[in-house]
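S.K.: See query29.cif below, with mmCIF, C-alpha atoms.
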data_final
#
loop_
_atom_site.label_atom_id
_atom_site.label_comp_id
_atom_site.auth_asym_id
_atom_site.auth_seq_id
_atom_site.Cartn_x
_atom_site.Cartn_y
_atom_site.Cartn_z
CA MET N 272 42.84 -11.24 -2.47
CA LYS N 273 39.44 -12.53 -3.44
CA ARG N 274 36.10 -11.99 -1.85
CA ASP N 275 32.59 -13.28 -2.45
CA ILE N 276 30.73 -10.34 -3.94
CA ARG N 277 27.37 -11.73 -2.82
CA ASP N 278 28.25 -10.44 0.63
CA LEU N 279 28.76 -6.96 -0.75
CA PHE N 280 25.08 -6.44 -1.43
CA GLU N 281 23.65 -7.39 1.89
CA GLU N 282 23.37 -3.76 2.76
CA ASP N 283 22.69 -0.96 0.40
CA ASP N 284 22.73 2.83 0.63
CA LEU N 285 19.22 4.19 0.55
CA LYS N 286 18.11 6.43 -2.27
CA THR N 287 16.36 9.69 -1.52
CA LEU N 288 12.82 10.08 -2.74
CA PRO N 289 11.63 13.25 -4.51
CA ASP N 290 10.13 15.80 -2.11
CA ASN N 291 6.54 15.55 -3.21
CA HIS N 292 6.33 11.78 -3.25
CA ARG N 293 4.13 11.58 -0.15
CA THR N 294 1.47 13.97 -1.41
CA GLU N 295 1.55 12.25 -4.73
CA PHE N 296 1.02 8.88 -3.15
CA LEU N 297 -1.78 10.19 -0.97
CA GLU N 298 -3.56 11.39 -4.09
CA LYS N 299 -3.14 8.01 -5.72
CA LEU N 300 -4.41 6.36 -2.57
CA ASN N 301 -7.46 8.59 -2.56
CA LYS N 302 -8.25 7.66 -6.14
CA GLN N 303 -8.38 3.98 -5.21
CA PRO N 304 -11.82 2.41 -4.95
CA LYS N 305 -12.59 2.29 -1.26
CA LYS N 306 -12.67 -1.02 0.47
CA LYS N 307 -15.72 -1.82 2.51
CA ARG N 308 -15.22 -0.58 5.99
CA ALA N 309 -15.55 -2.96 8.85
CA SER N 310 -18.14 -1.03 10.77
CA PHE N 311 -19.18 -1.46 14.34
CA PRO N 312 -21.94 -4.06 14.62
CA TRP N 313 -24.03 -1.99 17.01
CA LEU N 314 -24.11 0.81 14.51
CA LYS N 315 -25.48 -1.51 11.87
CA MET N 316 -28.03 -2.87 14.27
CA ALA N 317 -29.18 0.59 15.24
CA ALA N 318 -29.58 1.52 11.61
CA ALA N 319 -31.51 -1.63 10.81
CA LEU N 320 -33.81 -1.02 13.74
CA LEU N 321 -34.36 2.52 12.66
CA VAL N 322 -35.16 1.56 9.10
CA ALA N 323 -37.52 -1.15 10.34
CA LEU N 324 -39.26 1.38 12.54
CA ILE N 325 -39.68 3.82 9.75
CA VAL N 326 -40.96 1.17 7.35
CA GLY N 327 -43.33 -0.03 10.06
CA PHE N 328 -44.61 3.45 10.57
CA SER N 329 -45.17 4.19 6.94
CA MET N 330 -46.84 0.79 6.44
CA PHE N 331 -49.11 1.35 9.40
CA TYR N 332 -50.27 4.70 8.19
CA THR N 333 -50.88 3.65 4.65
CA LYS N 334 -53.50 6.30 4.20
CA SER N 335 -50.72 8.69 4.70
CA THR N 336 -52.03 12.03 5.79
CA ASN N 337 -49.95 15.10 6.22
CA GLU N 338 -49.78 14.41 9.90
CA ASN N 339 -48.24 10.99 9.42
CA VAL N 340 -45.65 12.29 7.07
CA SER N 341 -44.75 14.95 9.53
CA SER N 342 -44.43 12.31 12.23
CA ILE N 343 -41.89 10.47 10.08
CA ILE N 344 -40.08 13.73 9.53
CA ALA N 345 -40.07 14.36 13.25
CA GLN N 346 -38.63 10.89 13.85
CA ILE N 347 -35.91 11.39 11.33
CA GLU N 348 -35.10 14.75 12.79
CA ALA N 349 -34.75 13.24 16.24
CA VAL N 350 -32.39 10.56 14.92
CA GLU N 351 -30.48 13.17 12.97
CA ALA N 352 -30.06 15.37 16.03
CA GLU N 353 -28.73 12.43 18.02
CA TYR N 354 -26.27 11.47 15.34
CA LEU N 355 -25.10 15.02 14.82
CA GLU N 356 -24.52 15.37 18.51
CA ASP N 357 -22.43 12.18 18.52
CA ILE N 358 -20.52 13.34 15.46
CA GLU N 359 -19.81 16.69 17.05
CA LYS N 360 -18.60 15.01 20.21
CA GLU N 361 -16.32 12.63 18.29
CA TRP N 362 -15.03 15.51 16.21
CA GLU N 363 -14.05 17.48 19.27
CA ASN N 364 -12.35 14.41 20.73
CA PHE N 365 -10.50 13.93 17.51
CA VAL N 366 -9.33 17.55 17.30
CA THR N 367 -8.07 17.37 20.88
CA ILE N 368 -6.05 14.20 20.43
CA ALA N 369 -4.98 14.69 16.80
CA ASP N 370 -2.58 17.58 17.40
CA ASP N 371 -1.93 17.83 13.68
CA GLU N 372 -3.39 20.67 11.63
CA ILE N 373 -2.98 18.98 8.26
CA LEU N 374 -4.72 15.86 9.47
CA VAL N 375 -7.55 17.85 11.01
CA ALA N 376 -7.94 19.90 7.83
CA ARG N 377 -8.06 16.74 5.74
CA PHE N 378 -10.79 15.22 7.85
CA LYS N 379 -12.65 18.51 8.02
CA LYS N 380 -12.72 18.46 4.24
CA ARG N 381 -14.03 14.91 4.11
CA LEU N 382 -16.74 15.60 6.64
CA ASP N 383 -17.74 18.77 4.84
CA GLU N 384 -18.10 16.83 1.63
CA LEU N 385 -20.31 14.33 3.37
CA ASP N 386 -22.30 17.16 4.85
CA ASN N 387 -22.87 18.62 1.39
CA ASP N 388 -24.11 15.24 0.21
CA TYR N 389 -26.36 15.14 3.21
CA GLN N 390 -27.93 18.48 2.39
CA GLU N 391 -28.70 17.21 -1.08
CA ILE N 392 -30.33 14.05 0.20
CA ALA N 393 -32.23 16.09 2.76
CA THR N 394 -33.75 18.15 -0.04
CA GLN N 395 -34.85 14.96 -1.73
CA PHE N 396 -36.28 13.77 1.53
CA LYS N 397 -38.40 16.90 1.86
CA GLU N 398 -39.82 16.25 -1.59
CA ASP N 399 -40.44 12.58 -1.04
CA SER N 400 -40.63 11.79 2.63
CA ASN N 401 -41.91 8.27 2.18
CA ASN N 402 -39.03 7.04 0.09
CA ILE N 403 -37.18 4.43 2.10
CA LEU N 404 -34.07 4.64 -0.06
CA VAL N 405 -33.71 8.32 0.64
CA ILE N 406 -34.10 7.72 4.35
CA GLU N 407 -31.53 4.97 4.22
CA SER N 408 -28.99 7.15 2.49
CA LEU N 409 -29.52 9.85 5.08
CA VAL N 410 -28.73 7.44 7.87
CA GLU N 411 -25.86 5.93 5.96
CA ASN N 412 -24.34 9.36 5.49
CA LEU N 413 -24.48 10.09 9.21
CA GLN N 414 -23.04 6.66 9.98
CA THR N 415 -20.15 7.15 7.59
CA ARG N 416 -19.18 10.37 9.29
CA LEU N 417 -19.29 8.79 12.69
CA GLN N 418 -17.29 5.83 11.45
CA ILE N 419 -14.58 8.00 9.91
CA LEU N 420 -14.11 9.81 13.19
CA LYS N 421 -14.03 6.59 15.16
CA ASP N 422 -11.49 5.02 12.81
CA ILE N 423 -9.09 7.93 12.95
CA GLN N 424 -9.32 8.11 16.72
CA GLU N 425 -8.70 4.42 17.02
CA HIS N 426 -5.61 4.90 14.94
CA ILE N 427 -4.38 7.86 16.94
CA LYS N 428 -4.88 5.77 20.05
CA ILE N 429 -2.66 3.04 18.58
CA LEU N 430 -0.04 5.63 17.72
CA ASN N 431 -0.16 7.14 21.18
CA GLN N 432 0.24 3.73 22.75
CA LYS N 433 3.31 3.21 20.65
CA ASN N 434 4.72 6.57 21.64
CA GLY N 435 4.07 5.56 25.21
CA GLN N 436 6.03 2.39 24.63
CA TYR N 437 8.94 4.32 23.25
CA GLU N 438 8.95 6.64 26.20
CA ASN N 439 8.85 3.69 28.53
CA THR N 440 11.78 2.02 26.84
CA ILE N 441 13.91 5.15 26.82
CA MET G 247 8.88 -2.86 16.18
CA GLN G 248 7.17 -6.06 15.10
CA ASN G 249 4.10 -5.28 17.21
CA GLN G 250 3.97 -1.87 15.66
CA ILE G 251 4.00 -3.31 12.15
CA ASP G 252 1.43 -5.93 13.09
CA SER G 253 -1.02 -3.38 14.42
CA LEU G 254 -0.47 -1.18 11.39
CA ILE G 255 -1.20 -4.08 9.06
CA LYS G 256 -4.31 -4.87 11.03
CA ALA G 257 -5.46 -1.27 10.63
CA CYS G 258 -4.65 -1.40 6.90
CA LYS G 259 -6.93 -4.39 6.53
CA THR G 260 -9.86 -2.20 7.52
CA GLY G 261 -8.87 0.26 4.81
CA ASN G 262 -7.59 2.80 7.32
CA GLN G 263 -5.81 5.43 5.28
CA VAL G 264 -3.74 6.85 8.09
CA ALA G 265 -2.32 3.40 8.76
CA GLN G 266 -1.62 2.96 5.07
CA MET G 267 0.33 6.20 4.98
CA GLN G 268 2.22 5.08 8.07
CA VAL G 269 3.22 1.84 6.34
CA TYR G 270 4.18 3.86 3.29
CA ASP G 271 6.39 6.11 5.39
CA ASN G 272 8.05 3.13 7.02
CA TYR G 273 8.90 1.31 3.82
CA SER G 274 8.87 3.75 0.89
CA GLN G 275 12.55 4.62 0.95
CA ALA G 276 13.74 1.03 1.09
CA MET G 277 11.30 0.04 -1.65
CA PHE G 278 12.33 3.00 -3.77
CA THR G 279 15.97 1.98 -3.40
CA ILE G 280 15.07 -1.49 -4.65
CA ALA G 281 13.02 -0.14 -7.56
CA CYS G 282 15.93 2.11 -8.60
CA ARG G 283 17.96 -1.01 -9.36
CA TYR G 284 15.59 -1.79 -12.23
CA LEU G 285 14.22 1.53 -13.40
CA LYS G 286 15.19 5.17 -13.71
CA GLU G 287 14.22 7.27 -10.70
CA GLU G 288 10.97 8.70 -12.04
CA ASP G 289 9.72 5.28 -13.18
CA ALA G 290 11.07 3.68 -10.04
CA LYS G 291 9.00 6.01 -7.90
CA ASP G 292 5.86 5.24 -9.90
CA ALA G 293 6.46 1.50 -9.76
CA MET G 294 7.15 1.69 -6.04
CA GLN G 295 3.94 3.62 -5.37
CA GLU G 296 1.96 1.32 -7.64
CA GLY G 297 3.41 -1.58 -5.65
CA PHE G 298 2.14 -0.07 -2.42
CA LEU G 299 -1.34 0.42 -3.85
CA LYS G 300 -1.38 -3.21 -4.95
CA ALA G 301 -0.16 -4.32 -1.57
CA PHE G 302 -2.96 -2.42 0.17
CA MET G 303 -5.54 -3.80 -2.23
CA ASN G 304 -4.36 -7.33 -1.55
CA ILE G 305 -3.32 -6.96 2.05
CA GLU G 306 -5.71 -9.79 2.98
CA THR G 307 -3.43 -12.21 1.16
CA TYR G 308 -0.39 -11.27 3.22
CA LYS G 309 0.59 -14.15 5.48
CA PRO G 310 2.89 -13.52 8.42
CA GLU G 311 5.07 -16.48 7.39
CA SER G 312 7.27 -14.02 5.50
CA THR G 313 8.15 -10.59 6.83
CA PHE G 314 6.01 -7.75 5.60
CA GLY G 315 9.06 -6.09 4.06
CA ALA G 316 9.91 -9.22 2.05
CA TRP G 317 6.32 -9.50 0.87
CA LEU G 318 6.28 -5.86 -0.17
CA LYS G 319 9.65 -6.16 -1.88
CA ARG G 320 8.39 -9.00 -4.05
CA ILE G 321 5.38 -6.93 -5.10
CA VAL G 322 7.53 -3.89 -5.88
CA ILE G 323 9.99 -5.97 -7.91
CA ASN G 324 7.13 -7.53 -9.84
CA GLN G 325 5.81 -4.06 -10.51
CA CYS G 326 9.21 -2.98 -11.86
CA LEU G 327 9.40 -6.05 -14.07
CA ASP G 328 5.90 -5.34 -15.38
CA THR G 329 7.10 -1.90 -16.39
CA LEU G 330 10.09 -3.46 -18.15
CA ARG G 331 7.83 -6.03 -19.81
CA LYS G 332 5.65 -3.27 -21.17
CA ARG G 333 8.74 -2.17 -23.02
CA LYS G 334 8.69 -5.58 -24.66
CA LEU G 335 11.52 -7.02 -22.73
CA GLU G 336 11.77 -10.77 -23.02
CA PHE G 337 13.18 -12.68 -20.08
CA SER G 338 12.95 -16.17 -21.49
CA ASP G 339 15.24 -17.38 -24.16
CA ASP G 340 14.51 -20.47 -26.23
CA GLU G 341 17.98 -20.93 -27.64
CA VAL G 342 19.60 -21.44 -24.25
CA GLU G 343 17.16 -23.96 -22.91
CA THR G 344 18.82 -26.87 -24.61
CA LEU G 345 22.22 -26.00 -23.27
CA GLN G 346 23.54 -27.63 -20.16
CA ILE G 347 25.13 -25.38 -17.65
CA VAL G 348 27.52 -26.53 -15.01
CA GLU G 349 26.39 -25.08 -11.72
CA ASP G 350 29.08 -22.89 -10.31
CA SER G 351 28.62 -21.12 -7.05
CA ASN G 352 31.92 -19.34 -7.08
CA TRP G 353 31.34 -15.61 -6.80
CA ASP G 354 34.80 -14.70 -5.60
CA PHE G 355 36.06 -11.57 -7.30
CA ASP G 356 39.23 -9.60 -6.75
CA SER G 357 38.73 -7.66 -3.55
CA ASN G 358 40.10 -4.49 -5.16
CA ILE G 359 36.98 -4.31 -7.25
CA SER G 360 34.52 -1.95 -5.59
CA LYS G 361 30.81 -2.38 -5.24
CA ASN G 362 30.20 0.53 -7.58
CA GLU G 363 32.40 -0.98 -10.25
CA ILE G 364 30.44 -4.18 -10.01
CA LEU G 365 27.13 -2.32 -10.24
CA GLU G 366 28.35 -0.41 -13.28
CA ALA G 367 29.43 -3.64 -14.93
CA ILE G 368 26.06 -5.23 -14.20
CA GLU G 369 24.37 -2.36 -16.01
CA GLN G 370 26.34 -3.25 -19.14
CA LEU G 371 25.00 -6.80 -19.27
CA LYS G 372 22.33 -7.91 -21.71
CA GLU G 373 18.93 -7.06 -20.31
CA LYS G 374 17.80 -10.60 -19.59
CA HIS G 375 21.08 -11.54 -17.95
CA LYS G 376 21.11 -8.30 -16.03
CA ILE G 377 17.73 -8.93 -14.41
CA VAL G 378 18.66 -12.40 -13.24
CA VAL G 379 22.03 -11.25 -11.92
CA LYS G 380 20.33 -8.47 -9.96
CA LEU G 381 17.64 -10.71 -8.54
CA TYR G 382 20.23 -13.24 -7.48
CA LEU G 383 23.17 -11.14 -6.42
CA ILE G 384 21.56 -8.01 -5.04
CA GLU G 385 18.12 -9.16 -3.91
CA GLY G 386 19.31 -12.54 -2.73
CA TYR G 387 16.63 -14.65 -4.40
CA ASP G 388 17.37 -18.26 -5.34
CA HIS G 389 16.66 -19.82 -8.73
CA GLN G 390 13.32 -21.19 -7.60
CA GLU G 391 12.20 -17.69 -6.62
CA ILE G 392 13.67 -16.09 -9.72
CA SER G 393 11.87 -18.56 -11.94
CA GLU G 394 8.59 -17.68 -10.19
CA ILE G 395 9.16 -13.95 -10.43
CA LEU G 396 10.20 -13.95 -14.08
CA LYS G 397 7.94 -16.84 -15.05
CA ILE G 398 10.82 -18.64 -16.72
CA PRO G 399 12.09 -22.20 -16.18
CA ILE G 400 14.67 -22.66 -13.46
CA LYS G 401 17.10 -23.87 -16.07
CA THR G 402 16.82 -20.60 -17.95
CA SER G 403 17.41 -18.69 -14.77
CA ARG G 404 20.58 -20.69 -14.13
CA THR G 405 21.76 -20.17 -17.68
CA HIS G 406 21.21 -16.42 -17.58
CA LEU G 407 22.96 -16.13 -14.26
CA SER G 408 25.90 -18.14 -15.41
CA ARG G 409 26.26 -16.16 -18.62
CA GLY G 410 25.81 -12.94 -16.75
CA LYS G 411 28.51 -13.84 -14.28
CA ALA G 412 30.96 -14.87 -17.01
CA LYS G 413 30.37 -11.59 -18.80
CA LEU G 414 30.76 -9.73 -15.54
CA ARG G 415 34.14 -11.33 -14.96
CA ASP G 416 35.18 -10.35 -18.46
CA LEU G 417 34.07 -6.76 -18.03
CA LEU G 418 35.82 -6.38 -14.71
CA LYS G 419 38.95 -8.13 -15.89
CA LEU G 420 39.13 -5.80 -18.84
CA LYS G 421 38.73 -2.81 -16.61
CA TYR G 422 41.46 -4.10 -14.38
CA ASN G 423 43.90 -4.74 -17.16
CA GLU G 424 43.26 -1.30 -18.54
CA ALA G 425 43.90 0.22 -15.18
CA ARG G 426 47.11 -1.68 -14.77
CA TYR G 427 48.72 -0.69 -18.01
#
Please render this file's structure as structure tokens.

M.R.:
Amino acid sequence: MKRDIRDLFEEDDLKTLPDNHRTEFLEKLNKQPKKKRASFPWLKMAAALLVALIVGFSMFYTKSTNENVSSIIAQIEAVEAEYLEDIEKEWENFVTIADDEILVARFKKRLDELDNDYQEIATQFKEDSNNILVIESLVENLQTRLQILKDIQEHIKILNQKNGQYENTI
Amino acid sequence: MQNQIDSLIKACKTGNQVAQMQVYDNYSQAMFTIACRYLKEEDAKDAMQEGFLKAFMNIETYKPESTFGAWLKRIVINQCLDTLRKRKLEFSDDEVETLQIVEDSNWDFDSNISKNEILEAIEQLKEKHKIVVKLYLIEGYDHQEISEILKIPIKTSRTHLSRGKAKLRDLLKLKYNEARY
């Protein structure tokens, strides 16, 4: 009896991966240079508007007195408070829907890192309140945090939809 | 299933790490199994993971005209071959290019010969024949595809395959005769 051995290989037994392969891959993935995130357009617009406002302000009060500087600081603080509130809200949403301690811990770590960065930039800002680059990086930092939370929630939503589909089909 | 993959790929395009891990979980075992045909397990795992990283970096170039699995498989195989190349393995072979090979599509072997015996015999082939035999027989690529993957002329691919098959028949025949007597 003869048989065509090409047919033999159409299916193959799967090999088992070493236990730690997932963690290892995650580390490798984290070391990759990050791709630019596709951020929400309104977020960009808001930031641009904010920066324009701040530049406008500092241009207007060229003879910058202490008062003017403190008005910029007050503005920034208001924006900061708003962002932080949003971030907090998104974070709570995320924790509620995530239902996964490891995932939450991982994002907590990322946000904490960003927060540390933020504190550093904030110190710079106190020293040099008129520096537009410093102000920009403050806003960018807040945006990044918000974006991270939005992305992960979006993803969880997709996953939940899928789970829903499975349940429906069963 | 297809919708699920599509939405995952979409999420991967935005650099979403959770989606990337999801894709990894879906395909890593199959890709690892493929990589193990070319490399030892430790190297196979590295090549497989490297393949995934490359795929995520270049996910924009993925076109839905092939399945995502097939696209990924090609990347992983290329990654394995790169590893082999680094060990100075040469796939092309000048001496054979002048030889004419009669195309022979007969792969009928004695049905008593098991899959494992065939795999073992393949491992004994010369490296350059071995790769072509694996790409053709196990992965199911045609000579056009093999010539693209290995960057060798189609003719060379045919020659290697034909030689590989002849040797394979010899090896298995020998084994069979030994078993019989």

S.K.: Could you check which of N:Ile403, N:Leu382, N:Leu430, N:Ala345 is closest to chain G, using all atoms listed in the file?

M.R.: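 Using all atoms listed in the file, chain G sits closest to N:Leu430.
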
S.K.: Pull out every residue that the PyMOL selection byres ((chain N) within 9 of (chain G)) matches in the shown coordinates and put them as number ranges by chain.

M.R.: N: 272-281, 283-289, 292-293, 295-297, 299-301, 303, 305-310, 422-423, 426-427, 429-430, 433

S.K.: I want to know what sits within 9 Å of G:Arg404, based on only C-alpha atoms, with residues of the same chain fewer than 2 positions away left out; could you give that as a PDB file with C-alpha atoms, in the frame of the given file?

M.R.:
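Output file out-v5.pdb is given in full below:
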ATOM      1  CA  ILE G 347      25.130 -25.380 -17.650  1.00  0.00           C
ATOM      2  CA  GLU G 349      26.390 -25.080 -11.720  1.00  0.00           C
ATOM      3  CA  VAL G 378      18.660 -12.400 -13.240  1.00  0.00           C
ATOM      4  CA  HIS G 389      16.660 -19.820  -8.730  1.00  0.00           C
ATOM      5  CA  PRO G 399      12.090 -22.200 -16.180  1.00  0.00           C
ATOM      6  CA  ILE G 400      14.670 -22.660 -13.460  1.00  0.00           C
ATOM      7  CA  LYS G 401      17.100 -23.870 -16.070  1.00  0.00           C
ATOM      8  CA  THR G 402      16.820 -20.600 -17.950  1.00  0.00           C
ATOM      9  CA  HIS G 406      21.210 -16.420 -17.580  1.00  0.00           C
ATOM     10  CA  LEU G 407      22.960 -16.130 -14.260  1.00  0.00           C
ATOM     11  CA  SER G 408      25.900 -18.140 -15.410  1.00  0.00           C
ATOM     12  CA  ARG G 409      26.260 -16.160 -18.620  1.00  0.00           C
TER      13      ARG G 409
END

S.K.: Would you translate the PyMOL selection byres ((chain G and resi 410-418) around 7) into the concrete set of residues it matches in this file, as a list of chain:residue names?

M.R.: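 On the file shown, the PyMOL selection byres ((chain G and resi 410-418) around 7) covers G:Ala367, G:Ile368, G:Leu371, G:His375, G:Lys376, G:Val379, G:His406, G:Leu407, G:Ser408, G:Arg409, G:Lys419, G:Leu420, G:Lys421, G:Tyr422.
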
S.K.: Residues picked by the PyMOL selection byres ((chain N and resi 397) around 12) here, as a list in words?

M.R.: Val340, Ser341, Ile343, Ile344, Ala345, Ile347, Glu348, Gln390, Glu391, Ile392, Ala393, Thr394, Gln395, Phe396, Glu398, Asp399, Ser400, Asn401, Asn402, Val405, Ile406 and Leu409 of chain N

S.K.: Restricting the calculation to only C-alpha atoms: of G:Lys319, G:Leu285, G:Asn272, G:Thr329, which residue gets closest to G:Ile251?

M.R.: G:Asn272

S.K.: If I wrap all listed atoms of stretch 382-391 of chain G in a box with edges along x, y and z and add 4 Å on each side, what are its centre and edge lengths in Å to one decimal, as AutoDock Vina command-line options?

M.R.:
--center_x 17.7 --center_y -14.6 --center_z -5.7 --size_x 19.0 --size_y 21.2 --size_z 14.0

S.K.: Work out how far apart atom CA of N:Glu425 and atom CA of N:Leu320 are and give it in Å to one decimal.

M.R.: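 Interatomic distance, atom CA of N:Glu425 to atom CA of N:Leu320: 25.9 Å.
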
S.K.: Give me, as a PDB file with C-alpha atoms, in the coordinates of the input, all polymer residues having an atom no more than 10 Å from N:Leu413, counting all atoms listed in the file and skipping those fewer than 3 positions away in the same chain.

M.R.:
ATOM      1  CA  VAL N 350     -32.390  10.560  14.920  1.00  0.00           C
ATOM      2  CA  GLU N 351     -30.480  13.170  12.970  1.00  0.00           C
ATOM      3  CA  TYR N 354     -26.270  11.470  15.340  1.00  0.00           C
ATOM      4  CA  LEU N 355     -25.100  15.020  14.820  1.00  0.00           C
ATOM      5  CA  ASP N 357     -22.430  12.180  18.520  1.00  0.00           C
ATOM      6  CA  ILE N 358     -20.520  13.340  15.460  1.00  0.00           C
ATOM      7  CA  LEU N 382     -16.740  15.600   6.640  1.00  0.00           C
ATOM      8  CA  LEU N 385     -20.310  14.330   3.370  1.00  0.00           C
ATOM      9  CA  ASP N 386     -22.300  17.160   4.850  1.00  0.00           C
ATOM     10  CA  TYR N 389     -26.360  15.140   3.210  1.00  0.00           C
ATOM     11  CA  SER N 408     -28.990   7.150   2.490  1.00  0.00           C
ATOM     12  CA  LEU N 409     -29.520   9.850   5.080  1.00  0.00           C
ATOM     13  CA  VAL N 410     -28.730   7.440   7.870  1.00  0.00           C
ATOM     14  CA  ARG N 416     -19.180  10.370   9.290  1.00  0.00           C
ATOM     15  CA  LEU N 417     -19.290   8.790  12.690  1.00  0.00           C
ATOM     16  CA  GLN N 418     -17.290   5.830  11.450  1.00  0.00           C
TER      17      GLN N 418
END

S.K.: One decimal, in Å: what's the spacing between atom CA of N:Glu407 and atom CA of N:Ala352?

M.R.: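 Interatomic distance here is 15.8 Å.
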